[in-house]
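Student: I have a structure I would like to understand better, so I am pasting it below and will then ask my questions one at a time.
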Amino acid sequence: MSCLLLPLLHFSSCEASSSSSSSSSSSKGREFDYFVLALQWPGTICRSTHHCCSSNGCCGSNPLTYFTIHGLWADYDDGTWPSCCSHSGFDINKISSLLPTLKKYWPSLYCSSSSRCFGGKGPIWAHEWEKHGTCSYPVIQDEYSYFSTTLDLYSKYNVTKILETAGIEATNGEKYLLGDIVSAIKKAFGASPLLVCKHGSLQELRLCFYKDFTPRDCVIGSNIVDDSPNSRNSCPRYISLPTYTFPFPVIGETSGAIARLARKHPELFATS
Ligand code: U2P
């Protein structure tokens, strides 16, 4: 069903975007082709955190040592994706029973709040539902289903465990062959993931699904290996899965007293 046919269901429009931010008018209004479950590696993101706030998952009392959820995206086969497909605004009350699980496995890893489709800012869940969830129609038809489906997929395909079983664990010293990570996922998941790196560290691992939620390859061919230091998103041949510590190291602080205080009273270190 096309997004243009959905006004009766409060679905008013779809915009198509791509990684190069260009808009594809040809795909405007088309139903999506497949799902992407985007997972993020907190070690890579939280290592760059310079200040904390209560909404930032990087600042919890224990460092995150597992992949967390970024979002479930409805994508087109041509590399673009629809966004903001309806005016069905995020309502936290609809997912109140899921909140403890969402806070643990789908936290924001930043302090800044996320943009909403039709103005204003909100939690990461508002952004993901309004931008991507509303475009998952007709497979996913409401906010609760969007979040529960995503959590189900996340727990069914435990990427952290898959990699650990293959001997690929978070460490600050070691680097792993990109091909070994892809092979481990392929073996357990049954299809090729897409990896996104930042300065040689794994930032995101994306799993792809047909509309019936069976695994499918994310990209035709393979992940593009890019060893150049300026590479923005692609991964080099050898990549790291870094860890991070919280409280973040304070320059000039060696006694550990601040670290102990922050561990005991994290609220004292929240900046917003
Ligand atoms: O990659 C940068 C941002 O583009 C959006 N994206 C990317 C790939 C894709 O297949 N689908 C997609 O939506 C994501 O936007 P966000 O959800 O973060 O706003 C991704 O972060």
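Lettering and numbering for the structure tokens are positional, with chains as A, B, ... in the shown order, residues counted from 1 in each chain, and ligands counted from 1 in the shown order.
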Using only C-alpha atoms, what table do you get, as CSV, when you list each residue of range 104-157 of chain A with an atom no more than 10 Å from range 189-208 of chain A, its nearest pair of atoms, and their distance in Å rounded to one decimal, rows by chain then rising number?
Tutor:
residue,atom,partner,partner_atom,distance
A:Leu153,CA,A:Leu207,CA,9.7
A:Tyr154,CA,A:Leu207,CA,9.7
A:Lys156,CA,A:Phe189,CA,9.7
A:Tyr157,CA,A:Phe189,CA,6.9
Student: Selection from above, C-alpha atoms, as a PDB file, in the first residue's frame, can you write it?
Tutor:
ATOM      1  CA  LEU A 153      14.168  -9.047  16.978  1.00  0.00           C
ATOM      2  CA  TYR A 154      16.903  -7.674  19.215  1.00  0.00           C
ATOM      3  CA  LYS A 156      16.141 -13.169  19.068  1.00  0.00           C
ATOM      4  CA  TYR A 157      19.397 -12.205  17.355  1.00  0.00           C
TER       5      TYR A 157
END
Student: I'd like to know which residues of range 68-245 of chain A are strand (DSSP E) (by DSSP, run on the backbone); could you write them as number ranges by chain?
Tutor: A: 68-75, 80-83, 114-115, 121-122, 176-177, 194-198, 201-209, 215-216, 238-239
Student: Any residue with an atom at most 6 Å from ligand 1 counts, using only C-alpha atoms and all ligand atoms. Which are they? Put them as a list in words.
Tutor: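 I would give the residues around ligand 1 as Ser19, Trp73, Asp75, Trp81 and Glu128 of chain A.
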Student: Excluding same-chain residues fewer than 2 positions from range 129-136 of chain A, what lies within 8 Å of it counting only C-alpha atoms, as a ChimeraX atom specification?
Tutor: /A:3,11,14,31-32,71-74,82-90,116-117,125-127,138-143,146
Student: Could those selected residues go to a file with C-alpha atoms, as a tab-separated table (two decimals), in the first residue's frame?
Tutor:
chain	number	residue	atom	x	y	z
A	3	CYS	CA	1.88	6.06	1.75
A	11	PHE	CA	-0.74	8.77	7.22
A	14	CYS	CA	6.36	10.06	2.92
A	31	GLU	CA	5.84	1.16	0.36
A	32	PHE	CA	9.22	0.19	1.85
A	71	GLY	CA	16.34	1.85	15.50
A	72	LEU	CA	14.28	-0.35	13.22
A	73	TRP	CA	14.23	1.26	9.81
A	74	ALA	CA	12.05	0.68	6.77
A	82	PRO	CA	11.11	6.90	3.51
A	83	SER	CA	10.77	9.06	6.61
A	84	CYS	CA	8.07	10.79	8.64
A	85	CYS	CA	5.21	8.98	6.92
A	86	SER	CA	2.38	10.07	9.18
A	87	HIS	CA	1.30	12.54	11.79
A	88	SER	CA	1.00	9.74	14.31
A	89	GLY	CA	2.98	11.55	17.02
A	90	PHE	CA	4.86	9.63	19.70
A	116	ARG	CA	10.64	15.05	15.91
A	117	CYS	CA	9.08	14.89	12.48
A	125	TRP	CA	12.07	6.76	20.88
A	126	ALA	CA	9.94	9.66	19.61
A	127	HIS	CA	12.43	10.27	16.80
A	138	PRO	CA	1.38	-1.94	6.70
A	139	VAL	CA	3.68	-4.50	8.35
A	140	ILE	CA	3.79	-2.53	11.60
A	141	GLN	CA	0.62	-0.59	12.25
A	142	ASP	CA	1.07	1.15	15.59
A	143	GLU	CA	3.60	2.53	18.04
A	146	TYR	CA	6.96	-0.94	16.46
Student: Excluding Ile69 in chain A and its own-chain neighbours fewer than 6 positions away, which residues fall within 8 Å of it when counting only C-alpha atoms? Please give them as a ChimeraX atom specification.
Tutor: /A:37-40,105-107,154
Student: Excluding Ser114 in chain A and residues on its chain fewer than 6 positions from it, collect all residues at most 6 Å away from it, counting only C-alpha atoms, and give them as a count of residues only.
Tutor: 5
Student: Using only C-alpha atoms, determine which residues lie at most 12 Å from range 165-173 of chain A, disregarding the query and same-chain residues fewer than 4 positions distant; provide the list as a PyMOL selection string.
Tutor: chain A and resi 41-44+47+63-67+158-161+177-188+201-202+239-245
Student: Would you list the contacts of Tyr210 in chain A as a list in words, taking every protein, DNA or RNA residue within 8 Å and counting only C-alpha atoms, but skipping same-chain residues closer than 5 positions in sequence?
Tutor: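 Counting only C-alpha atoms, the residues come to Asp33, Tyr34, Phe35, Pro215 and Arg216 of chain A.
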Student: What's the separation between CA of Leu98 in chain A and CA of Asp152 in chain A, in Å to one decimal place?
Tutor: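 Calculated distance between CA of Leu98 in chain A and CA of Asp152 in chain A is 11.5 Å.
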Student: If you run DSSP on the backbone, which residues of range 71-123 of chain A are alpha helix (DSSP H), as a list in words?
Tutor: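 Reading the DSSP output for range 71-123 of chain A, alpha helix (DSSP H) covers Leu99, Pro100, Thr101, Leu102, Lys103, Lys104 and Tyr105 of chain A.
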Student: Atoms to include: C-alpha atoms. Write the selected residues as a compact mmCIF listing (two decimals), in the first residue's frame.
Tutor:
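Ended up saving to selection.txt:
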# COMPACT_ATOMS: atom_id res chain seq x y z
CA LEU A 99 9.93 1.46 29.23
CA PRO A 100 12.21 -0.47 31.63
CA THR A 101 13.37 -2.68 28.72
CA LEU A 102 13.71 0.27 26.35
CA LYS A 103 15.82 2.18 28.89
CA LYS A 104 18.17 -0.77 29.18
CA TYR A 105 18.47 -1.85 25.56
Student: What does the structure give for the distance between CA of Thr150 in chain A and CA of Cys53 in chain A, in Å to one decimal?
Tutor: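 That distance, rounded to one decimal, is 25.6 Å.
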